[in-house]
Amino acid sequence: ELERLKQLQIPSGLPHLEAVRDVFLFCCFSGLRHSDAYNLRKNDIKEDHIEVTTVKTADSVSIELNSVTREILQKYKDFPFADNKVLPVIQNQPMNRHLKELCQLAGINEPIRITTYTGNQRKDEIKEKWELVGTHTGRRTFIVNCLSLGIPPNVVMKWTGHSDYKAMKPYI
């Protein structure tokens, strides 16, 4: 699905989706939260890694750059974003709406069962996967893919700023 998003030809009438895709992929391959990508500045980018203090937890993290994150940073390096920012990150709610549109265009439509409980009353609902994608999906994707590749949880925790195994457990 990530490859499908990367290869998707954005329709000419929807140019805003290209920036949304780039920011989302950056989060999928760096593990940054939307808020941290939004606040990423040129001085946070080092030769081979990113050094950032996270917005949510004020943790200092160092994340190695990879081919995807390097390519995205290179694409935008000469854009004059306000406040020395490095990516075309928009506010969270519009980003979530555009992500759904982008994923729908990419055909990410596998049916997913959502089960909720109110008391002991069970409710099952089927949604297409694109309906469930949001900015935090990028961070979850990064963590799950790292663990699937056999990267030890303690290394992933260092990159993502998770302070203990309990905080990382929902991803595992």
# chains A, B, ... in the order shown; residues from 1 in each chain; ligands from 1
$ residues_around --residues "region 3-20 of chain A" --least-positions-apart "4" --cutoff "8 Å" --atoms "only C-alpha atoms" --output "PDB file with N, CA, C and O atoms, in the first residue's frame"
ATOM      1  N   PHE A  24       2.807  12.432   4.440  1.00  0.00           N
ATOM      2  CA  PHE A  24       2.379  11.157   5.011  1.00  0.00           C
ATOM      3  C   PHE A  24       3.478  10.106   4.872  1.00  0.00           C
ATOM      4  O   PHE A  24       3.804   9.406   5.838  1.00  0.00           O
ATOM      5  N   LEU A  25       4.072  10.011   3.680  1.00  0.00           N
ATOM      6  CA  LEU A  25       5.158   9.046   3.480  1.00  0.00           C
ATOM      7  C   LEU A  25       6.348   9.376   4.376  1.00  0.00           C
ATOM      8  O   LEU A  25       6.995   8.480   4.912  1.00  0.00           O
ATOM      9  N   PRO A  88       5.800  20.717   3.494  1.00  0.00           N
ATOM     10  CA  PRO A  88       4.520  21.415   3.286  1.00  0.00           C
ATOM     11  C   PRO A  88       3.389  20.803   4.106  1.00  0.00           C
ATOM     12  O   PRO A  88       2.400  20.310   3.576  1.00  0.00           O
ATOM     13  N   VAL A  89       3.534  20.838   5.416  1.00  0.00           N
ATOM     14  CA  VAL A  89       2.564  20.202   6.312  1.00  0.00           C
ATOM     15  C   VAL A  89       1.411  21.167   6.578  1.00  0.00           C
ATOM     16  O   VAL A  89       1.631  22.311   6.945  1.00  0.00           O
ATOM     17  N   ILE A  90       0.189  20.659   6.384  1.00  0.00           N
ATOM     18  CA  ILE A  90      -0.999  21.450   6.681  1.00  0.00           C
ATOM     19  C   ILE A  90      -1.565  21.006   8.031  1.00  0.00           C
ATOM     20  O   ILE A  90      -1.095  20.034   8.623  1.00  0.00           O
ATOM     21  N   MET A  95      -5.532  17.648   6.704  1.00  0.00           N
ATOM     22  CA  MET A  95      -4.617  16.580   6.281  1.00  0.00           C
ATOM     23  C   MET A  95      -5.340  15.235   6.344  1.00  0.00           C
ATOM     24  O   MET A  95      -5.220  14.427   5.420  1.00  0.00           O
ATOM     25  N   HIS A  98      -7.737  14.936   3.380  1.00  0.00           N
ATOM     26  CA  HIS A  98      -7.013  14.717   2.127  1.00  0.00           C
ATOM     27  C   HIS A  98      -6.365  13.338   2.074  1.00  0.00           C
ATOM     28  O   HIS A  98      -6.270  12.729   1.006  1.00  0.00           O
ATOM     29  N   LEU A  99      -5.926  12.827   3.228  1.00  0.00           N
ATOM     30  CA  LEU A  99      -5.353  11.476   3.274  1.00  0.00           C
ATOM     31  C   LEU A  99      -6.393  10.430   2.875  1.00  0.00           C
ATOM     32  O   LEU A  99      -6.081   9.482   2.146  1.00  0.00           O
ATOM     33  N   LEU A 102      -6.782  10.647  -0.828  1.00  0.00           N
ATOM     34  CA  LEU A 102      -5.600  10.090  -1.466  1.00  0.00           C
ATOM     35  C   LEU A 102      -5.627   8.557  -1.443  1.00  0.00           C
ATOM     36  O   LEU A 102      -5.394   7.902  -2.460  1.00  0.00           O
ATOM     37  N   CYS A 103      -5.930   7.988  -0.288  1.00  0.00           N
ATOM     38  CA  CYS A 103      -5.951   6.534  -0.147  1.00  0.00           C
ATOM     39  C   CYS A 103      -7.100   5.920  -0.943  1.00  0.00           C
ATOM     40  O   CYS A 103      -6.961   4.826  -1.502  1.00  0.00           O
ATOM     41  N   ALA A 106      -5.939   5.732  -4.418  1.00  0.00           N
ATOM     42  CA  ALA A 106      -4.934   4.677  -4.561  1.00  0.00           C
ATOM     43  C   ALA A 106      -5.544   3.279  -4.467  1.00  0.00           C
ATOM     44  O   ALA A 106      -4.836   2.285  -4.607  1.00  0.00           O
TER      45      ALA A 106
END
$ residues_around --residues "Ile143 (chain A)" --least-positions-apart "5" --cutoff "10 Å" --atoms "only C-alpha atoms" --output "list in words"
Cys28, Phe29, Ser30, Gly31, Thr137, Gly138, Ser148, Leu149, Ile151, Pro153, Val156, Met157, Trp159, Thr160, Met168, Tyr171 and Ile172 of chain A
$ write_last_selection --atoms "N, CA and C atoms" --output "tab-separated table (two decimals), in the first residue's frame"
chain	number	residue	atom	x	y	z
A	28	CYS	N	5.51	7.95	7.60
A	28	CYS	CA	5.56	6.48	7.54
A	28	CYS	C	6.99	5.95	7.58
A	29	PHE	N	7.94	6.75	7.09
A	29	PHE	CA	9.33	6.29	7.02
A	29	PHE	C	10.24	6.94	8.06
A	30	SER	N	9.68	7.84	8.88
A	30	SER	CA	10.49	8.45	9.95
A	30	SER	C	9.92	8.17	11.33
A	31	GLY	N	8.61	7.90	11.41
A	31	GLY	CA	7.97	7.67	12.70
A	31	GLY	C	7.54	8.96	13.38
A	137	THR	N	-1.65	7.23	11.38
A	137	THR	CA	-1.39	5.98	10.66
A	137	THR	C	0.06	5.93	10.21
A	138	GLY	N	0.64	7.08	9.88
A	138	GLY	CA	2.04	7.11	9.46
A	138	GLY	C	2.97	6.62	10.56
A	148	SER	N	8.38	-5.51	12.27
A	148	SER	CA	8.26	-6.62	11.30
A	148	SER	C	9.60	-6.93	10.63
A	149	LEU	N	10.43	-5.91	10.50
A	149	LEU	CA	11.76	-6.10	9.90
A	149	LEU	C	12.76	-6.67	10.90
A	151	ILE	N	13.72	-5.15	13.77
A	151	ILE	CA	14.43	-4.12	14.53
A	151	ILE	C	13.97	-4.25	15.99
A	153	PRO	N	12.63	-3.76	19.67
A	153	PRO	CA	11.74	-2.73	20.21
A	153	PRO	C	12.47	-1.58	20.89
A	156	VAL	N	13.50	0.90	18.23
A	156	VAL	CA	12.33	1.62	17.72
A	156	VAL	C	11.86	2.63	18.76
A	157	MET	N	11.89	2.25	20.03
A	157	MET	CA	11.49	3.15	21.11
A	157	MET	C	12.40	4.38	21.16
A	159	TRP	N	13.89	5.77	18.60
A	159	TRP	CA	13.53	6.61	17.46
A	159	TRP	C	12.21	7.34	17.69
A	160	THR	N	11.26	6.66	18.32
A	160	THR	CA	9.92	7.22	18.45
A	160	THR	C	9.70	7.99	19.75
A	168	MET	N	4.82	1.24	24.29
A	168	MET	CA	5.06	0.65	22.96
A	168	MET	C	4.14	-0.55	22.71
A	171	TYR	N	1.36	-0.95	19.95
A	171	TYR	CA	1.83	-1.10	18.57
A	171	TYR	C	2.27	-2.54	18.29
A	172	ILE	N	2.81	-3.16	19.32
A	172	ILE	CA	3.30	-4.53	19.16
A	172	ILE	C	2.12	-5.48	19.03
$ closest_atom_pairs --of "region 57-79 of chain A" --to "region 46-53 of chain A" --cutoff "10 Å" --atoms "only C-alpha atoms" --output "tab-separated table"
residue	atom	partner	partner_atom	distance
A:Thr57	CA	A:Thr53	CA	8.2
A:Ala58	CA	A:Thr53	CA	5.4
A:Asp59	CA	A:Thr53	CA	5.3
A:Ser60	CA	A:Thr53	CA	4.2
A:Val61	CA	A:Val52	CA	5.6
A:Ser62	CA	A:Glu51	CA	4.6
A:Ile63	CA	A:Ile50	CA	5.1
A:Glu64	CA	A:His49	CA	4.1
A:Leu65	CA	A:His49	CA	4.8
A:Asn66	CA	A:Asp48	CA	8.2
A:Thr69	CA	A:His49	CA	9.7
A:Arg70	CA	A:Asp48	CA	8.7
$ write_last_selection --atoms "all heavy atoms" --output "mmCIF file, in the first residue's frame"
data_model
loop_
_atom_site.group_PDB
_atom_site.id
_atom_site.type_symbol
_atom_site.label_atom_id
_atom_site.label_comp_id
_atom_site.auth_asym_id
_atom_site.auth_seq_id
_atom_site.Cartn_x
_atom_site.Cartn_y
_atom_site.Cartn_z
ATOM 1 N N THR A 57 5.614 15.077 23.945
ATOM 2 C CA THR A 57 6.271 14.613 25.171
ATOM 3 C C THR A 57 7.533 15.385 25.531
ATOM 4 O O THR A 57 8.124 15.121 26.573
ATOM 5 C CB THR A 57 6.639 13.122 25.045
ATOM 6 O OG1 THR A 57 7.558 12.981 23.942
ATOM 7 C CG2 THR A 57 5.411 12.263 24.821
ATOM 8 N N ALA A 58 7.974 16.279 24.661
ATOM 9 C CA ALA A 58 9.218 17.050 24.851
ATOM 10 C C ALA A 58 10.443 16.149 24.928
ATOM 11 O O ALA A 58 11.476 16.531 25.480
ATOM 12 C CB ALA A 58 9.126 17.960 26.073
ATOM 13 N N ASP A 59 10.356 14.940 24.353
ATOM 14 C CA ASP A 59 11.505 14.043 24.282
ATOM 15 C C ASP A 59 12.408 14.474 23.133
ATOM 16 O O ASP A 59 11.924 14.889 22.080
ATOM 17 C CB ASP A 59 11.064 12.593 24.013
ATOM 18 C CG ASP A 59 10.320 11.978 25.173
ATOM 19 O OD1 ASP A 59 10.688 12.259 26.327
ATOM 20 O OD2 ASP A 59 9.367 11.210 24.926
ATOM 21 N N SER A 60 13.706 14.360 23.333
ATOM 22 C CA SER A 60 14.648 14.583 22.246
ATOM 23 C C SER A 60 14.886 13.245 21.560
ATOM 24 O O SER A 60 15.227 12.262 22.223
ATOM 25 C CB SER A 60 15.970 15.132 22.779
ATOM 26 O OG SER A 60 15.759 16.426 23.297
ATOM 27 N N VAL A 61 14.658 13.217 20.243
ATOM 28 C CA VAL A 61 14.867 11.981 19.495
ATOM 29 C C VAL A 61 15.786 12.253 18.322
ATOM 30 O O VAL A 61 15.850 13.365 17.793
ATOM 31 C CB VAL A 61 13.534 11.353 19.004
ATOM 32 C CG1 VAL A 61 12.677 10.915 20.168
ATOM 33 C CG2 VAL A 61 12.775 12.294 18.106
ATOM 34 N N SER A 62 16.498 11.216 17.944
ATOM 35 C CA SER A 62 17.374 11.253 16.784
ATOM 36 C C SER A 62 16.947 10.107 15.877
ATOM 37 O O SER A 62 16.940 8.952 16.300
ATOM 38 C CB SER A 62 18.829 11.075 17.226
ATOM 39 O OG SER A 62 19.681 11.067 16.103
ATOM 40 N N ILE A 63 16.570 10.446 14.648
ATOM 41 C CA ILE A 63 16.046 9.452 13.715
ATOM 42 C C ILE A 63 16.920 9.455 12.470
ATOM 43 O O ILE A 63 17.084 10.504 11.822
ATOM 44 C CB ILE A 63 14.591 9.764 13.324
ATOM 45 C CG1 ILE A 63 13.708 9.855 14.568
ATOM 46 C CG2 ILE A 63 14.058 8.723 12.351
ATOM 47 C CD1 ILE A 63 12.372 10.511 14.336
ATOM 48 N N GLU A 64 17.476 8.294 12.137
ATOM 49 C CA GLU A 64 18.305 8.185 10.950
ATOM 50 C C GLU A 64 17.472 8.444 9.697
ATOM 51 O O GLU A 64 16.314 8.028 9.611
ATOM 52 C CB GLU A 64 18.940 6.785 10.855
ATOM 53 C CG GLU A 64 20.041 6.542 11.868
ATOM 54 C CD GLU A 64 19.535 6.127 13.240
ATOM 55 O OE1 GLU A 64 18.300 6.029 13.437
ATOM 56 O OE2 GLU A 64 20.361 5.917 14.137
ATOM 57 N N LEU A 65 18.057 9.146 8.732
ATOM 58 C CA LEU A 65 17.404 9.345 7.441
ATOM 59 C C LEU A 65 17.571 8.087 6.607
ATOM 60 O O LEU A 65 18.577 7.387 6.707
ATOM 61 C CB LEU A 65 18.024 10.547 6.718
ATOM 62 C CG LEU A 65 17.791 11.907 7.371
ATOM 63 C CD1 LEU A 65 18.618 12.975 6.671
ATOM 64 C CD2 LEU A 65 16.312 12.269 7.347
ATOM 65 N N ASN A 66 16.571 7.799 5.783
ATOM 66 C CA ASN A 66 16.642 6.675 4.853
ATOM 67 C C ASN A 66 16.385 7.217 3.453
ATOM 68 O O ASN A 66 16.195 8.428 3.278
ATOM 69 C CB ASN A 66 15.647 5.578 5.255
ATOM 70 C CG ASN A 66 14.237 6.124 5.396
ATOM 71 O OD1 ASN A 66 13.699 6.744 4.491
ATOM 72 N ND2 ASN A 66 13.635 5.908 6.564
ATOM 73 N N THR A 69 12.980 9.289 3.182
ATOM 74 C CA THR A 69 12.967 10.578 3.870
ATOM 75 C C THR A 69 13.955 11.553 3.227
ATOM 76 O O THR A 69 13.660 12.742 3.105
ATOM 77 C CB THR A 69 13.244 10.421 5.377
ATOM 78 O OG1 THR A 69 14.469 9.696 5.576
ATOM 79 C CG2 THR A 69 12.110 9.690 6.077
ATOM 80 N N ARG A 70 15.103 11.046 2.777
ATOM 81 C CA ARG A 70 16.073 11.909 2.086
ATOM 82 C C ARG A 70 15.480 12.472 0.798
ATOM 83 O O ARG A 70 15.643 13.658 0.499
ATOM 84 C CB ARG A 70 17.340 11.136 1.738
ATOM 85 C CG ARG A 70 18.261 10.873 2.871
ATOM 86 C CD ARG A 70 19.494 10.090 2.363
ATOM 87 N NE ARG A 70 20.207 9.484 3.441
ATOM 88 C CZ ARG A 70 21.113 10.113 4.189
ATOM 89 N NH1 ARG A 70 21.387 11.368 3.951
ATOM 90 N NH2 ARG A 70 21.720 9.487 5.167
#
$ atom_distance --atom1 "CA of Lys75 (chain A)" --atom2 "CA of Asn109 (chain A)"
28.9 Å
$ select_by_dssp --residues "chain A" --states "helix (DSSP H, G or I)" --output "number ranges by chain"
A: 2-7, 16-30, 34-38, 42-44, 67-76, 82-84, 92-105, 129-132, 135-148, 153-160, 165-168
$ closest_residue --among "A:Lys100, A:Lys56, A:Lys158, A:Lys129" --to "Arg33 (chain A)" --atoms "only C-alpha atoms"
A:Lys56
$ closest_residue --among "A:Asn92, A:Val55, A:Pro170, A:Asp36" --to "Val144 (chain A)" --atoms "only C-alpha atoms"
A:Pro170
$ closest_residue --among "A:Gly150, A:Tyr165, A:Gln104, A:His136" --to "Leu32 (chain A)" --atoms "only C-alpha atoms"
A:His136
$ residues_around --residues "Asn96 (chain A)" --least-positions-apart "4" --cutoff "9 Å" --atoms "only C-alpha atoms" --output "list in words"
Gln91, Asn92, Lys100, Glu101, Val133, Gly134 and Thr135 of chain A
$ write_last_selection --atoms "N, CA and C atoms" --output "PDB file, in the first residue's frame"
ATOM      1  N   GLN A  91      -2.567  21.721   8.507  1.00  0.00           N
ATOM      2  CA  GLN A  91      -3.188  21.387   9.794  1.00  0.00           C
ATOM      3  C   GLN A  91      -3.728  19.958   9.783  1.00  0.00           C
ATOM      4  N   ASN A  92      -3.881  19.383  10.950  1.00  0.00           N
ATOM      5  CA  ASN A  92      -4.224  17.971  11.104  1.00  0.00           C
ATOM      6  C   ASN A  92      -5.573  17.585  10.469  1.00  0.00           C
ATOM      7  N   LYS A 100      -7.596  10.602   3.349  1.00  0.00           N
ATOM      8  CA  LYS A 100      -8.666   9.673   2.988  1.00  0.00           C
ATOM      9  C   LYS A 100      -8.915   9.720   1.483  1.00  0.00           C
ATOM     10  N   GLU A 101      -8.958  10.916   0.933  1.00  0.00           N
ATOM     11  CA  GLU A 101      -9.149  11.093  -0.507  1.00  0.00           C
ATOM     12  C   GLU A 101      -8.005  10.435  -1.284  1.00  0.00           C
ATOM     13  N   VAL A 133      -7.794   5.785   7.596  1.00  0.00           N
ATOM     14  CA  VAL A 133      -6.452   6.365   7.566  1.00  0.00           C
ATOM     15  C   VAL A 133      -6.482   7.797   8.091  1.00  0.00           C
ATOM     16  N   GLY A 134      -5.514   8.108   8.933  1.00  0.00           N
ATOM     17  CA  GLY A 134      -5.335   9.461   9.446  1.00  0.00           C
ATOM     18  C   GLY A 134      -3.848   9.729   9.612  1.00  0.00           C
ATOM     19  N   THR A 135      -3.503  10.892  10.088  1.00  0.00           N
ATOM     20  CA  THR A 135      -2.090  11.242  10.198  1.00  0.00           C
ATOM     21  C   THR A 135      -1.321  10.289  11.107  1.00  0.00           C
TER      22      THR A 135
END
$ closest_residue --among "A:Val86, A:Cys27, A:Ile45, A:Cys146" --to "Val68 (chain A)" --atoms "only C-alpha atoms"
A:Cys27
$ decode --residues "region 101-116 of chain A" --atoms "N, CA, C and O atoms" --output "PDB file, in the first residue's frame"
ATOM      1  N   GLU A 101      -8.958  10.916   0.933  1.00  0.00           N
ATOM      2  CA  GLU A 101      -9.149  11.093  -0.507  1.00  0.00           C
ATOM      3  C   GLU A 101      -8.005  10.435  -1.284  1.00  0.00           C
ATOM      4  O   GLU A 101      -8.226   9.727  -2.265  1.00  0.00           O
ATOM      5  N   LEU A 102      -6.782  10.647  -0.828  1.00  0.00           N
ATOM      6  CA  LEU A 102      -5.600  10.090  -1.466  1.00  0.00           C
ATOM      7  C   LEU A 102      -5.627   8.557  -1.443  1.00  0.00           C
ATOM      8  O   LEU A 102      -5.394   7.902  -2.460  1.00  0.00           O
ATOM      9  N   CYS A 103      -5.930   7.988  -0.288  1.00  0.00           N
ATOM     10  CA  CYS A 103      -5.951   6.534  -0.147  1.00  0.00           C
ATOM     11  C   CYS A 103      -7.100   5.920  -0.943  1.00  0.00           C
ATOM     12  O   CYS A 103      -6.961   4.826  -1.502  1.00  0.00           O
ATOM     13  N   GLN A 104      -8.207   6.621  -1.037  1.00  0.00           N
ATOM     14  CA  GLN A 104      -9.311   6.139  -1.860  1.00  0.00           C
ATOM     15  C   GLN A 104      -8.891   6.109  -3.333  1.00  0.00           C
ATOM     16  O   GLN A 104      -9.140   5.131  -4.031  1.00  0.00           O
ATOM     17  N   LEU A 105      -8.222   7.162  -3.788  1.00  0.00           N
ATOM     18  CA  LEU A 105      -7.716   7.207  -5.165  1.00  0.00           C
ATOM     19  C   LEU A 105      -6.724   6.080  -5.432  1.00  0.00           C
ATOM     20  O   LEU A 105      -6.666   5.545  -6.536  1.00  0.00           O
ATOM     21  N   ALA A 106      -5.939   5.732  -4.418  1.00  0.00           N
ATOM     22  CA  ALA A 106      -4.934   4.677  -4.561  1.00  0.00           C
ATOM     23  C   ALA A 106      -5.544   3.279  -4.467  1.00  0.00           C
ATOM     24  O   ALA A 106      -4.836   2.285  -4.607  1.00  0.00           O
ATOM     25  N   GLY A 107      -6.841   3.198  -4.244  1.00  0.00           N
ATOM     26  CA  GLY A 107      -7.496   1.894  -4.179  1.00  0.00           C
ATOM     27  C   GLY A 107      -7.204   1.130  -2.907  1.00  0.00           C
ATOM     28  O   GLY A 107      -7.227  -0.100  -2.894  1.00  0.00           O
ATOM     29  N   ILE A 108      -6.939   1.838  -1.829  1.00  0.00           N
ATOM     30  CA  ILE A 108      -6.695   1.187  -0.540  1.00  0.00           C
ATOM     31  C   ILE A 108      -8.064   1.023   0.115  1.00  0.00           C
ATOM     32  O   ILE A 108      -8.504   1.842   0.915  1.00  0.00           O
ATOM     33  N   ASN A 109      -8.745  -0.038  -0.304  1.00  0.00           N
ATOM     34  CA  ASN A 109     -10.159  -0.181   0.053  1.00  0.00           C
ATOM     35  C   ASN A 109     -10.518  -1.546   0.638  1.00  0.00           C
ATOM     36  O   ASN A 109     -11.670  -1.949   0.595  1.00  0.00           O
ATOM     37  N   GLU A 110      -9.530  -2.225   1.188  1.00  0.00           N
ATOM     38  CA  GLU A 110      -9.805  -3.514   1.827  1.00  0.00           C
ATOM     39  C   GLU A 110     -10.856  -3.330   2.919  1.00  0.00           C
ATOM     40  O   GLU A 110     -10.776  -2.392   3.711  1.00  0.00           O
ATOM     41  N   PRO A 111     -11.870  -4.212   2.968  1.00  0.00           N
ATOM     42  CA  PRO A 111     -12.862  -4.094   4.040  1.00  0.00           C
ATOM     43  C   PRO A 111     -12.242  -4.441   5.400  1.00  0.00           C
ATOM     44  O   PRO A 111     -11.535  -5.429   5.532  1.00  0.00           O
ATOM     45  N   ILE A 112     -12.512  -3.599   6.378  1.00  0.00           N
ATOM     46  CA  ILE A 112     -11.994  -3.789   7.736  1.00  0.00           C
ATOM     47  C   ILE A 112     -13.177  -3.814   8.689  1.00  0.00           C
ATOM     48  O   ILE A 112     -14.033  -2.936   8.652  1.00  0.00           O
ATOM     49  N   ARG A 113     -13.217  -4.818   9.563  1.00  0.00           N
ATOM     50  CA  ARG A 113     -14.283  -4.913  10.558  1.00  0.00           C
ATOM     51  C   ARG A 113     -13.879  -4.125  11.796  1.00  0.00           C
ATOM     52  O   ARG A 113     -12.808  -4.323  12.355  1.00  0.00           O
ATOM     53  N   ILE A 114     -14.754  -3.233  12.211  1.00  0.00           N
ATOM     54  CA  ILE A 114     -14.561  -2.448  13.426  1.00  0.00           C
ATOM     55  C   ILE A 114     -15.583  -2.949  14.439  1.00  0.00           C
ATOM     56  O   ILE A 114     -16.788  -2.923  14.183  1.00  0.00           O
ATOM     57  N   THR A 115     -15.089  -3.423  15.571  1.00  0.00           N
ATOM     58  CA  THR A 115     -15.963  -3.928  16.626  1.00  0.00           C
ATOM     59  C   THR A 115     -15.890  -2.987  17.813  1.00  0.00           C
ATOM     60  O   THR A 115     -14.797  -2.678  18.298  1.00  0.00           O
ATOM     61  N   THR A 116     -17.060  -2.524  18.252  1.00  0.00           N
ATOM     62  CA  THR A 116     -17.123  -1.664  19.429  1.00  0.00           C
ATOM     63  C   THR A 116     -18.127  -2.262  20.410  1.00  0.00           C
ATOM     64  O   THR A 116     -18.996  -3.054  20.026  1.00  0.00           O
TER      65      THR A 116
END
